file structure.txt (compact mmCIF, C-alpha atoms)
# COMPACT_ATOMS: atom_id res chain seq x y z
CA MET A 4 0.00 0.00 0.00
CA ALA A 5 1.28 3.40 -0.94
CA LEU A 6 1.60 5.82 1.99
CA ASP A 7 -0.75 8.73 2.56
CA LYS A 8 0.59 12.22 3.25
CA ASN A 9 0.56 11.75 7.01
CA GLN A 10 2.51 8.51 6.68
CA ILE A 11 5.10 10.21 4.47
CA ALA A 12 5.48 12.84 7.21
CA GLN A 13 5.67 10.07 9.82
CA ARG A 14 8.52 8.36 7.95
CA ILE A 15 10.42 11.64 7.50
CA ALA A 16 10.07 12.37 11.23
CA LYS A 17 12.45 9.42 11.81
CA GLU A 18 15.19 11.47 10.11
CA VAL A 19 14.86 14.21 12.73
CA LYS A 20 17.55 13.62 15.35
CA ASP A 21 18.10 14.86 18.89
CA GLY A 22 19.57 18.38 18.90
CA TYR A 23 18.44 19.28 15.39
CA TYR A 24 17.29 22.72 14.29
CA VAL A 25 14.79 22.04 11.49
CA ASN A 26 13.13 24.17 8.81
CA LEU A 27 9.84 22.78 7.50
CA GLY A 28 8.33 23.85 4.18
CA ILE A 29 4.63 24.19 3.45
CA GLY A 30 2.47 21.10 2.77
CA ILE A 31 3.55 17.57 3.79
CA PRO A 32 6.71 18.93 5.53
CA THR A 33 4.55 20.89 8.01
CA LEU A 34 2.98 17.59 9.10
CA VAL A 35 6.38 16.22 10.13
CA ALA A 36 6.24 18.24 13.37
CA ASN A 37 3.30 16.08 14.51
CA TYR A 38 5.39 12.90 14.46
CA VAL A 39 8.74 13.88 15.94
CA ARG A 40 9.59 11.69 18.96
CA GLU A 41 8.78 13.39 22.23
CA ASP A 42 11.90 12.18 24.01
CA ILE A 43 14.27 14.19 21.78
CA SER A 44 15.02 17.93 21.72
CA VAL A 45 14.26 19.61 18.40
CA GLU A 46 13.66 23.27 17.50
CA PHE A 47 11.68 24.35 14.47
CA GLN A 48 12.82 27.41 12.56
CA SER A 49 10.56 29.48 10.36
CA GLU A 50 12.36 31.74 7.92
CA ASN A 51 10.19 34.78 8.65
CA GLY A 52 12.10 35.03 11.92
CA VAL A 53 11.39 32.55 14.70
CA LEU A 54 13.17 29.62 16.31
CA GLY A 55 11.34 27.39 18.76
CA MET A 56 7.92 27.31 17.11
CA GLY A 57 5.18 25.56 19.01
CA PRO A 58 1.70 24.37 18.03
CA PHE A 59 -1.15 26.55 16.79
CA PRO A 60 -2.61 28.84 19.50
CA PHE A 61 -5.84 28.05 21.32
CA GLU A 62 -8.85 29.87 19.93
CA GLY A 63 -8.87 33.45 21.18
CA GLU A 64 -5.13 33.46 21.86
CA GLU A 65 -4.01 34.18 18.28
CA ASP A 66 -1.50 37.01 17.95
CA ALA A 67 -1.20 38.81 14.59
CA ASP A 68 2.47 39.47 15.39
CA ILE A 69 3.38 35.79 15.80
CA ILE A 70 3.12 33.81 12.57
CA ASN A 71 5.10 31.24 10.58
CA ALA A 72 6.31 31.48 6.99
CA GLY A 73 2.96 30.08 5.82
CA LYS A 74 1.40 33.17 7.47
CA GLN A 75 -0.39 30.94 9.99
CA THR A 76 -0.79 32.03 13.60
CA ILE A 77 1.54 30.02 15.85
CA THR A 78 2.86 29.88 19.40
CA THR A 79 6.40 29.71 20.74
CA LEU A 80 7.92 27.23 23.17
CA PRO A 81 10.27 27.95 26.10
CA GLY A 82 13.68 28.85 24.65
CA ALA A 83 12.20 30.45 21.53
CA SER A 84 13.62 33.57 19.89
CA PHE A 85 12.64 36.12 17.24
CA PHE A 86 14.97 37.76 14.73
CA ASP A 87 14.85 39.71 11.48
CA SER A 88 14.71 38.28 7.95
CA ALA A 89 18.38 38.90 7.11
CA PHE A 90 19.48 37.21 10.32
CA SER A 91 17.12 34.32 9.62
CA PHE A 92 18.67 33.59 6.24
CA GLY A 93 22.09 34.19 7.76
CA MET A 94 21.61 31.18 10.04
CA ILE A 95 20.38 29.20 7.04
CA ARG A 96 23.34 30.14 4.80
CA SER A 97 25.87 29.51 7.56
CA GLN A 98 24.34 26.03 8.01
CA LYS A 99 23.24 26.39 11.59
CA VAL A 100 19.94 24.82 10.55
CA ASP A 101 20.60 21.06 10.49
CA LEU A 102 17.75 19.84 8.33
CA THR A 103 15.49 21.33 5.69
CA ILE A 104 12.37 19.46 4.62
CA LEU A 105 10.48 20.75 1.61
CA GLY A 106 8.17 19.75 -1.21
CA ALA A 107 9.03 19.57 -4.91
CA MET A 108 7.43 19.37 -8.34
CA GLU A 109 10.45 17.57 -9.81
CA VAL A 110 13.77 16.17 -8.61
CA ALA A 111 16.53 15.03 -10.98
CA GLU A 112 18.90 12.12 -10.44
CA ASN A 113 21.77 14.63 -9.94
CA GLY A 114 19.93 16.30 -7.05
CA ASP A 115 18.52 19.29 -8.99
CA ILE A 116 15.15 20.46 -7.69
CA ALA A 117 12.29 22.39 -9.30
CA ASN A 118 9.48 23.60 -7.07
CA TRP A 119 8.61 27.22 -7.77
CA LYS A 120 7.46 27.86 -11.30
CA ILE A 121 5.41 26.32 -14.08
CA PRO A 122 5.87 28.31 -17.31
CA GLY A 123 2.58 29.68 -18.59
CA LYS A 124 0.91 29.45 -15.19
CA MET A 125 0.67 32.09 -12.48
CA VAL A 126 4.03 32.39 -10.77
CA LYS A 127 3.77 33.14 -7.08
CA GLY A 128 7.48 33.28 -6.39
CA MET A 129 10.19 31.22 -4.79
CA GLY A 130 9.84 32.66 -1.30
CA GLY A 131 12.76 31.31 0.69
CA ALA A 132 13.12 28.03 -1.21
CA MET A 133 16.12 29.07 -3.34
CA ASP A 134 18.05 30.27 -0.31
CA LEU A 135 17.21 27.13 1.64
CA VAL A 136 18.19 24.61 -1.05
CA ALA A 137 21.38 26.48 -1.97
CA SER A 138 22.65 26.53 1.59
CA ALA A 139 21.27 23.63 3.59
CA GLU A 140 23.60 20.70 4.04
CA ASN A 141 20.85 18.21 4.64
CA ILE A 142 17.75 18.46 2.44
CA ILE A 143 14.92 15.95 2.41
CA VAL A 144 12.22 16.27 -0.23
CA ALA A 145 8.71 15.14 0.67
CA MET A 146 6.58 14.58 -2.39
CA MET A 147 4.38 12.24 -4.39
CA HIS A 148 6.30 9.93 -6.71
CA VAL A 149 4.19 10.78 -9.78
CA ASN A 150 2.16 13.86 -10.73
CA LYS A 151 -1.60 14.00 -11.31
CA ALA A 152 -1.10 12.99 -14.94
CA GLY A 153 0.70 9.85 -13.75
CA GLU A 154 4.13 11.06 -14.89
CA SER A 155 7.22 10.47 -12.78
CA LYS A 156 8.52 13.38 -10.70
CA LEU A 157 11.91 11.65 -10.25
CA LEU A 158 13.60 12.48 -13.53
CA LYS A 159 16.87 12.26 -15.41
CA ARG A 160 16.73 16.04 -15.84
CA CYS A 161 14.19 18.51 -14.47
CA SER A 162 11.94 19.98 -17.17
CA LEU A 163 10.68 22.89 -15.05
CA PRO A 164 12.74 25.99 -14.12
CA LEU A 165 15.17 25.03 -11.35
CA THR A 166 15.08 26.12 -7.73
CA GLY A 167 18.57 24.80 -7.03
CA VAL A 168 21.25 22.56 -8.52
CA GLY A 169 22.65 19.34 -7.08
CA CYS A 170 21.25 19.93 -3.62
CA VAL A 171 18.71 17.20 -2.75
CA LYS A 172 20.12 14.36 -0.61
CA LYS A 173 17.08 12.28 0.23
CA ILE A 174 13.52 11.85 -1.06
CA VAL A 175 10.54 10.29 0.68
CA THR A 176 7.48 9.55 -1.46
CA GLU A 177 4.32 7.49 -1.01
CA LEU A 178 6.22 4.58 -2.57
CA ALA A 179 9.83 4.75 -1.42
CA VAL A 180 12.76 6.30 0.41
CA LEU A 181 15.57 7.18 -1.99
CA GLU A 182 19.02 8.66 -1.66
CA VAL A 183 20.52 10.86 -4.37
CA THR A 184 23.95 9.46 -5.30
CA GLU A 185 26.46 10.20 -8.03
CA LYS A 186 24.89 7.51 -10.19
CA GLY A 187 21.25 8.32 -9.57
CA PHE A 188 18.40 7.52 -7.18
CA LYS A 189 19.45 4.75 -4.82
CA LEU A 190 16.43 2.85 -3.52
CA LEU A 191 16.71 2.51 0.27
CA GLU A 192 13.25 1.42 1.39
CA ARG A 193 9.89 0.64 -0.13
CA ALA A 194 6.43 1.37 1.28
CA PRO A 195 4.77 -1.67 2.88
CA GLY A 196 3.44 -3.96 0.17
CA VAL A 197 4.88 -1.88 -2.69
CA SER A 198 7.12 -3.87 -5.06
CA VAL A 199 10.47 -2.80 -6.44
CA GLU A 200 8.97 -3.13 -9.94
CA GLU A 201 6.22 -0.68 -9.06
CA ILE A 202 8.80 1.86 -7.87
CA GLN A 203 10.88 1.25 -11.00
CA ARG A 204 7.85 1.97 -13.23
CA ALA A 205 7.17 5.24 -11.39
CA THR A 206 10.79 6.43 -11.62
CA GLU A 207 12.05 7.98 -14.86
CA GLY A 208 15.56 8.76 -13.60
CA ASN A 209 18.19 6.09 -13.03
CA LEU A 210 17.09 3.85 -10.15
CA ILE A 211 19.82 1.94 -8.35
CA ILE A 212 18.65 -1.30 -6.73
CA GLU A 213 21.22 -3.14 -4.64
CA GLY A 214 20.30 -6.35 -2.84
CA ASN A 215 17.09 -6.82 -0.92
CA ILE A 216 15.16 -3.59 -0.42
CA PRO A 217 13.55 -3.53 3.05
CA GLU A 218 10.06 -2.26 3.78
CA MET A 219 9.75 1.05 5.60
CA ASN A 220 9.14 1.01 9.30
CA ILE A 221 6.76 3.90 9.86
CA GLY A 222 5.38 3.55 13.38
CA MET B 14 18.85 64.02 22.19
CA ILE B 15 18.02 64.47 18.54
CA LYS B 16 14.29 64.41 18.03
CA ARG B 17 12.99 62.35 15.12
CA THR B 18 9.28 62.81 15.75
CA VAL B 19 6.83 64.20 13.23
CA LYS B 20 3.22 65.18 13.92
CA ASN B 21 1.36 62.61 11.90
CA VAL B 22 1.40 60.30 8.93
CA SER B 23 1.00 63.04 6.33
CA GLU B 24 4.01 64.93 7.66
CA ALA B 25 5.93 61.66 7.81
CA LEU B 26 5.31 60.91 4.15
CA GLN B 27 6.19 64.35 2.84
CA GLY B 28 8.43 64.19 -0.20
CA ILE B 29 7.22 60.82 -1.46
CA GLU B 30 6.36 61.37 -5.10
CA SER B 31 5.38 59.43 -8.19
CA ASP B 32 8.09 57.30 -9.83
CA MET B 33 9.98 56.76 -6.59
CA THR B 34 11.29 53.49 -5.15
CA ILE B 35 9.91 52.63 -1.72
CA MET B 36 10.77 49.80 0.66
CA LEU B 37 7.94 48.57 2.85
CA GLY B 38 8.44 46.28 5.83
CA GLY B 39 6.29 43.29 6.76
CA PHE B 40 5.88 39.61 6.00
CA GLY B 41 2.47 38.84 4.58
CA LEU B 42 0.25 41.18 6.60
CA CYS B 43 2.41 40.79 9.70
CA GLY B 44 4.13 44.04 10.68
CA ILE B 45 3.10 46.10 7.66
CA PRO B 46 3.03 49.91 8.01
CA GLU B 47 -0.76 50.14 7.69
CA ASN B 48 -1.14 53.83 8.41
CA SER B 49 1.49 54.82 5.87
CA ILE B 50 -0.01 52.57 3.20
CA ALA B 51 -3.41 54.23 3.76
CA GLU B 52 -1.73 57.62 3.37
CA LEU B 53 0.03 56.53 0.16
CA VAL B 54 -3.42 55.66 -1.20
CA ASN B 55 -4.62 59.16 -0.23
CA LYS B 56 -1.65 60.82 -1.88
CA LYS B 57 -2.67 59.37 -5.25
CA ILE B 58 0.94 59.16 -6.40
CA THR B 59 1.63 56.61 -9.13
CA ASN B 60 4.35 54.64 -10.90
CA LEU B 61 5.85 53.46 -7.65
CA THR B 62 8.44 50.73 -7.44
CA CYS B 63 7.77 48.83 -4.23
CA ILE B 64 10.29 46.58 -2.51
CA SER B 65 8.28 44.35 -0.20
CA ASN B 66 8.45 40.63 0.52
CA ASN B 67 4.77 40.21 -0.40
CA ALA B 68 2.08 42.26 -2.11
CA GLY B 69 -0.70 42.19 0.47
CA VAL B 70 -4.17 40.76 -0.11
CA ASP B 71 -6.85 42.25 -2.35
CA ASP B 72 -8.32 44.64 0.21
CA PHE B 73 -5.45 45.20 2.64
CA GLY B 74 -1.78 46.05 2.68
CA LEU B 75 -0.16 46.77 -0.67
CA GLY B 76 -3.27 45.35 -2.33
CA LEU B 77 -4.85 48.76 -1.70
CA LEU B 78 -2.18 50.48 -3.79
CA LEU B 79 -2.51 47.83 -6.50
CA GLN B 80 -6.26 48.37 -6.74
CA ASN B 81 -5.59 52.05 -7.42
CA ARG B 82 -2.92 51.21 -10.03
CA GLN B 83 -0.33 53.16 -8.08
CA ILE B 84 2.39 50.52 -8.41
CA LYS B 85 4.47 50.13 -11.56
CA LYS B 86 6.83 47.47 -10.31
CA MET B 87 7.00 45.04 -7.39
CA ILE B 88 10.23 43.51 -6.11
CA SER B 89 9.16 40.58 -3.90
CA SER B 90 9.83 36.94 -3.07
CA TYR B 91 6.25 35.65 -2.94
CA VAL B 92 3.08 37.23 -4.25
CA GLY B 93 0.47 34.49 -4.13
CA GLU B 94 -2.41 35.86 -2.12
CA ASN B 95 -3.79 38.59 -4.33
CA ALA B 96 -6.17 38.21 -7.32
CA GLU B 97 -5.80 41.80 -8.56
CA PHE B 98 -2.04 41.40 -8.46
CA GLU B 99 -2.35 38.29 -10.61
CA ARG B 100 -4.57 40.06 -13.11
CA GLN B 101 -2.22 43.05 -13.47
CA MET B 102 0.81 40.79 -13.72
CA LEU B 103 -0.68 38.54 -16.41
CA SER B 104 -1.94 41.53 -18.43
CA GLY B 105 1.52 43.12 -18.31
CA GLU B 106 0.34 46.26 -16.46
CA LEU B 107 2.54 45.39 -13.50
CA GLU B 108 6.22 44.54 -13.66
CA VAL B 109 7.35 41.93 -11.14
CA GLU B 110 10.89 41.08 -10.12
CA LEU B 111 10.90 37.89 -8.07
CA THR B 112 13.89 37.61 -5.74
CA PRO B 113 14.78 34.80 -3.33
CA GLN B 114 13.68 35.83 0.14
CA GLY B 115 17.12 35.63 1.75
CA THR B 116 18.62 37.61 -1.13
CA LEU B 117 15.85 40.20 -0.80
CA ALA B 118 16.61 40.57 2.91
CA GLU B 119 20.35 40.77 2.32
CA LYS B 120 19.94 43.40 -0.44
CA CYS B 121 18.17 45.51 2.21
CA ARG B 122 20.74 44.73 4.88
CA ALA B 123 23.60 45.56 2.48
CA ALA B 124 22.02 48.96 1.76
CA GLN B 125 21.55 49.48 5.50
CA ALA B 126 25.17 48.53 6.15
CA GLY B 127 26.77 50.50 3.29
CA ILE B 128 27.87 47.43 1.36
CA PRO B 129 27.33 47.82 -2.41
CA ALA B 130 27.19 44.11 -3.33
CA PHE B 131 27.60 40.61 -1.95
CA PHE B 132 27.81 36.99 -3.09
CA THR B 133 25.20 34.39 -2.18
CA PRO B 134 24.72 30.78 -3.27
CA ALA B 135 20.94 31.31 -3.59
CA GLY B 136 19.72 31.07 -7.16
CA TYR B 137 22.94 29.79 -8.67
CA GLY B 138 22.13 27.69 -11.75
CA THR B 139 18.59 29.10 -11.95
CA GLU B 140 17.03 31.90 -13.97
CA VAL B 141 17.58 34.24 -11.00
CA ALA B 142 21.31 34.17 -11.77
CA GLU B 143 20.92 35.00 -15.47
CA GLY B 144 23.07 37.98 -16.46
CA LYS B 145 24.69 38.19 -13.04
CA GLU B 146 28.34 37.72 -12.16
CA THR B 147 29.09 34.34 -10.57
CA ARG B 148 32.15 33.27 -8.61
CA GLU B 149 33.45 30.27 -6.76
CA PHE B 150 34.24 30.57 -3.06
CA ASN B 151 35.11 27.56 -0.88
CA ASP B 152 34.32 25.10 -3.71
CA LYS B 153 30.82 26.47 -4.13
CA MET B 154 29.35 28.75 -6.77
CA HIS B 155 27.84 32.09 -5.76
CA VAL B 156 25.88 34.85 -7.47
CA MET B 157 26.68 38.54 -7.08
CA GLU B 158 23.74 40.62 -5.88
CA LEU B 159 23.59 44.39 -5.49
CA ALA B 160 22.35 46.42 -2.53
CA PHE B 161 18.98 48.08 -3.06
CA LYS B 162 18.81 51.78 -3.79
CA ALA B 163 15.55 53.22 -2.54
CA ASP B 164 14.21 56.72 -1.94
CA PHE B 165 12.17 55.87 1.12
CA ALA B 166 11.91 52.96 3.56
CA ILE B 167 8.68 52.68 5.54
CA VAL B 168 8.80 50.38 8.53
CA LYS B 169 6.46 49.48 11.36
CA ALA B 170 7.54 48.88 14.95
CA TRP B 171 5.81 48.01 18.20
CA LYS B 172 7.38 50.72 20.35
CA GLY B 173 9.49 53.72 19.52
CA ASP B 174 10.75 56.81 21.27
CA GLU B 175 11.24 60.46 20.30
CA ALA B 176 14.84 59.71 19.36
CA GLY B 177 13.67 57.24 16.70
CA ASN B 178 14.75 54.10 18.58
CA LEU B 179 12.65 51.07 17.67
CA ILE B 180 11.54 47.84 19.33
CA PHE B 181 9.67 45.18 17.38
CA LYS B 182 7.34 42.47 18.59
CA GLY B 183 7.37 38.79 17.61
CA THR B 184 7.78 37.95 13.95
CA ALA B 185 6.73 41.49 12.99
CA ARG B 186 10.44 42.30 13.12
CA ASN B 187 10.93 40.52 9.75
CA PHE B 188 11.90 42.98 6.99
CA ASN B 189 11.20 46.03 9.15
CA ALA B 190 14.50 45.72 10.98
CA VAL B 191 16.53 45.32 7.78
CA MET B 192 14.84 48.14 5.86
CA ALA B 193 15.32 50.74 8.62
CA GLY B 194 18.14 52.93 7.37
CA ALA B 195 18.36 51.13 4.01
CA ALA B 196 16.92 54.04 1.97
CA LYS B 197 17.69 57.75 1.67
CA ILE B 198 14.92 58.50 4.18
CA THR B 199 13.40 56.07 6.67
CA ILE B 200 9.93 56.53 8.14
CA ALA B 201 8.82 54.50 11.15
CA GLU B 202 5.24 54.16 12.30
CA VAL B 203 4.86 52.72 15.77
CA GLU B 204 2.00 51.43 17.88
CA GLU B 205 3.30 53.29 20.92
CA LEU B 206 5.50 56.38 20.84
CA VAL B 207 7.11 57.25 24.17
CA PRO B 208 9.37 60.09 25.43
CA ALA B 209 13.13 59.56 25.23
CA GLY B 210 14.38 57.73 28.29
CA MET B 211 11.34 55.47 28.58
CA LEU B 212 12.88 52.63 26.57
CA ASP B 213 15.76 50.63 28.00
CA PRO B 214 18.77 51.19 25.69
CA ASN B 215 19.64 47.51 26.17
CA GLU B 216 16.42 46.49 24.50
CA ILE B 217 16.52 48.72 21.39
CA HIS B 218 16.49 46.68 18.16
CA ILE B 219 17.16 49.61 15.79
CA PRO B 220 18.89 52.78 16.97
CA GLY B 221 17.28 56.11 16.08
CA ILE B 222 20.13 57.13 13.77
CA MET B 223 18.56 54.77 11.19
CA VAL B 224 15.14 56.46 11.45
CA ASN B 225 14.55 59.96 10.06
CA ARG B 226 10.89 60.35 10.95
CA ILE B 227 8.83 58.58 13.58
CA PHE B 228 5.14 58.87 14.45
CA GLN B 229 2.48 56.94 16.30
CA GLY B 230 -0.04 55.34 13.98
CA GLU B 231 -3.65 56.38 14.52
CA LYS B 232 -5.01 52.85 14.47
CA PHE B 233 -3.74 49.38 13.75
CA GLU B 234 -6.06 46.72 12.41
CA LYS B 235 -3.30 44.06 12.45
CA ARG B 236 -5.24 41.70 10.24
CA ILE B 237 -4.44 37.97 10.40
CA GLU B 238 -3.94 36.25 7.04
CA GLN B 239 -4.25 32.60 8.11
CA ARG B 240 -6.01 32.20 11.43
CA THR B 241 -4.98 28.75 12.61
CA VAL B 242 -5.99 27.51 16.06
CA ARG B 243 -6.29 24.30 18.04
CA GLN B 244 -9.11 23.29 20.36
CA LYS B 245 -8.71 23.39 24.14
call {"tool": "encode", "arguments": {"input": "structure.txt", "output": "C-alpha cells"}}
result
Amino acid sequence: MALDKNQIAQRIAKEVKDGYYVNLGIGIPTLVANYVREDISVEFQSENGVLGMGPFPFEGEEDADIINAGKQTITTLPGASFFDSAFSFGMIRSQKVDLTILGAMEVAENGDIANWKIPGKMVKGMGGAMDLVASAENIIVAMMHVNKAGESKLLKRCSLPLTGVGCVKKIVTELAVLEVTEKGFKLLERAPGVSVEEIQRATEGNLIIEGNIPEMNIG
Amino acid sequence: MIKRTVKNVSEALQGIESDMTIMLGGFGLCGIPENSIAELVNKKITNLTCISNNAGVDDFGLGLLLQNRQIKKMISSYVGENAEFERQMLSGELEVELTPQGTLAEKCRAAQAGIPAFFTPAGYGTEVAEGKETREFNDKMHVMELAFKADFAIVKAWKGDEAGNLIFKGTARNFNAVMAGAAKITIAEVEELVPAGMLDPNEIHIPGIMVNRIFQGEKFEKRIEQRTVRQK
C-alpha cells in the first residue's frame, strides 16, 4: 500500500535527530512536526524570523504578530527567539539549521530540484526556497512519486525551471525512500506492500537497486 | 537628544512622489506599516516601485495600492495571495521582479550597512542568476547581488521613542528591521510612541540614527492572514 501524506510525514520524522534545528516547508513537511519523537530535543525554525515554534494557538489566543512562513498564527515554546529576515537567512546560509524538509514538483537524479514555477501558469514566487536549497547541508524532499497525470517526478533532468542545482540528498514519497547518489536515485526502502517493480515503473531517472530492499518502518 | 518625531502620517510621508522606489516592511500582513499605506493611497501618487516581501491581499496592505494602479513594479519573493495582483501581472500592467527571500533581505541589509554588493549561493544555476556575475568561493558557486537603492523605507515597529529608537514584537520584526536605514529617508510608524528615556537602551532593536521620521499610527487593524488555532 502506498503511503498517505501523514505517513510520508511520519517516515520523514524518523530522520529528525536529537539536537536538530529544522526548517519545514509548506504542505507535507509541516505535518512532520506532529510525528517527531517526544523524548528528543528539536527546535523548528521558520524563515520569517522565529526559532522554537510551538503548536497553533488556542482559539482566542491568536497574535497577529506571531506567525510562521505560511502566514499561519503560531505559538512559541520555552527557549524560543525572534529575529529579522536577514538574520534568519544568515543562520540558514551559515548552516546552523541542520535539516530542511520541503516539497518539490520535480527532482533530478543529480539532485537538482524544481518547485517554484510552471511556465505559462501564475508564478507566485520562490519565497525562501532558493536560499534554503542552496545553503542547507541536509535536504529531504517530501513529495508524491508521480504527478496527477501519472508522470514520474523523479527524472533524469528537471523539465521545469530550477530552484537549485545538485542539492537534494534524500527523497521520501508514497512509494519509497531514496538517496541521491552520483549515479542516480538509490532505492533505500519501499512502502509496505509496494514492489520494487512498481517503484521502478514510477521512476524515470536512473534507479539503483542493490540487494534486498527492506520495507519502511513507519510507526 | 536628537528628536525624530513628526506630527502625523501626512508629515511623515512628505516628499514621497510618483516614480519613486519605496521599501515597505512586513511579512504577509504581519508588521506592515498600515497607516502609511493608507496615506500613500490618499496621496494618489503613481508609478511606484515597491520593494516588499509580499504584495498584500486584495483589500489590505499593498493590495490597496494595487487596486488604485499606483504601483508600476514590485520587487518581492512571494506574491500568491492577491487576485488583482495576478490580473495586473498577467496583463503586463505590472512589472514583477521575483527575488529569493534571503537575497531580498540581504539586499536591504547591504544597503543598511553600506555594502554595495555581496555573493550568495541562492539562485545559482537558476534563472535568478541569469546575467549576473558568478564566482566560486570555498568550492561552491555564488551569485553577485547588489544592494537596493531606494528613496524611502517605511517600517512598522511596536514601540518607539522620540529619538527614533525602535523595538519590534514577535515575527513582525521581519523585513522592518533590515529596511530601517536602508533608503535615503526612513519613516517609522509605531504602535506606541514614548518620550526619550522610557525605553531601556539595552532592548533597542534599531537605533534612532537609522530612522529619520517617527510617528504613532492612529489605528492598527493588524489583520491575520491565516487564522490557525487548536481546540482546548
call {"tool": "residues_near_point", "arguments": {"input": "structure.txt", "point": "(-3.9, 54.5, 8.0)", "cutoff": "8 Å", "atoms": "all atoms listed in the file", "output": "list in words"}}
result
Val22, Glu47, Asn48, Ser49, Ile50, Ala51, Glu52, Gly230, Glu231, Lys232 and Phe233 of chain B
call {"tool": "closest_residue", "arguments": {"input": "structure.txt", "among": "A:Met125, A:Asn51, A:Pro58, A:Ser91", "to": "B:Met102", "atoms": "only C-alpha atoms"}}
result
A:Met125
call {"tool": "interface_residues", "arguments": {"input": "structure.txt", "of": "chain B", "to": "chain A", "cutoff": "8 Å", "atoms": "only C-alpha atoms", "output": "number ranges by chain"}}
result
B: 40-41, 43-44, 89-93, 99, 103, 111-116, 118-119, 122, 134-140, 182-191, 235-245
call {"tool": "closest_residue", "arguments": {"input": "structure.txt", "among": "B:Ala130, B:Ile45, B:Ile15, B:Ile84", "to": "B:Phe181", "atoms": "only C-alpha atoms"}}
result
B:Ile45
call {"tool": "closest_residue", "arguments": {"input": "structure.txt", "among": "B:Asn67, B:Asn215, B:Asn81, B:Asn225", "to": "B:Ala193", "atoms": "all atoms listed in the file"}}
result
B:Asn225
call {"tool": "atom_distance", "arguments": {"input": "structure.txt", "atom1": "atom CA of A:Gly187", "atom2": "atom CA of A:Leu158"}}
result
9.6 Å
call {"tool": "atom_distance", "arguments": {"input": "structure.txt", "atom1": "atom CA of B:Gly39", "atom2": "atom CA of B:Glu234"}}
result
14.0 Å
call {"tool": "atom_distance", "arguments": {"input": "structure.txt", "atom1": "atom CA of A:Ala83", "atom2": "atom CA of A:Val45"}}
result
11.5 Å
call {"tool": "residues_around", "arguments": {"input": "structure.txt", "residues": "B:Ser65", "least_positions_apart": "6", "cutoff": "7 Å", "atoms": "all atoms listed in the file", "output": "VMD selection string"}}
result
chain B and resid 36 to 38 88 to 89
call {"tool": "residues_around", "arguments": {"input": "structure.txt", "residues": "stretch 199-201 of chain B", "least_positions_apart": "5", "cutoff": "10 Å", "atoms": "only C-alpha atoms", "output": "MDAnalysis selection string"}}
result
chainID B and resid 17:19 22 25:26 35:38 46 49 163:170 173 177:179 189 192:194 221:230
call {"tool": "residues_around", "arguments": {"input": "structure.txt", "residues": "A:Leu80", "least_positions_apart": "3", "cutoff": "7 Å", "atoms": "all atoms listed in the file", "output": "number ranges by chain"}}
result
A: 55-57, 83
call {"tool": "residues_around", "arguments": {"input": "structure.txt", "residues": "A:Ile143", "least_positions_apart": "2", "cutoff": "10 Å", "atoms": "all atoms listed in the file", "output": "PyMOL selection string"}}
result
chain A and resi 15+18+27+32+102-106+136+141+145-146+170-175+181-182
call {"tool": "residues_around", "arguments": {"input": "structure.txt", "residues": "A:Ala5", "least_positions_apart": "2", "cutoff": "9 Å", "atoms": "all atoms listed in the file", "output": "PyMOL selection string"}}
result
chain A and resi 7+176-179+194-197
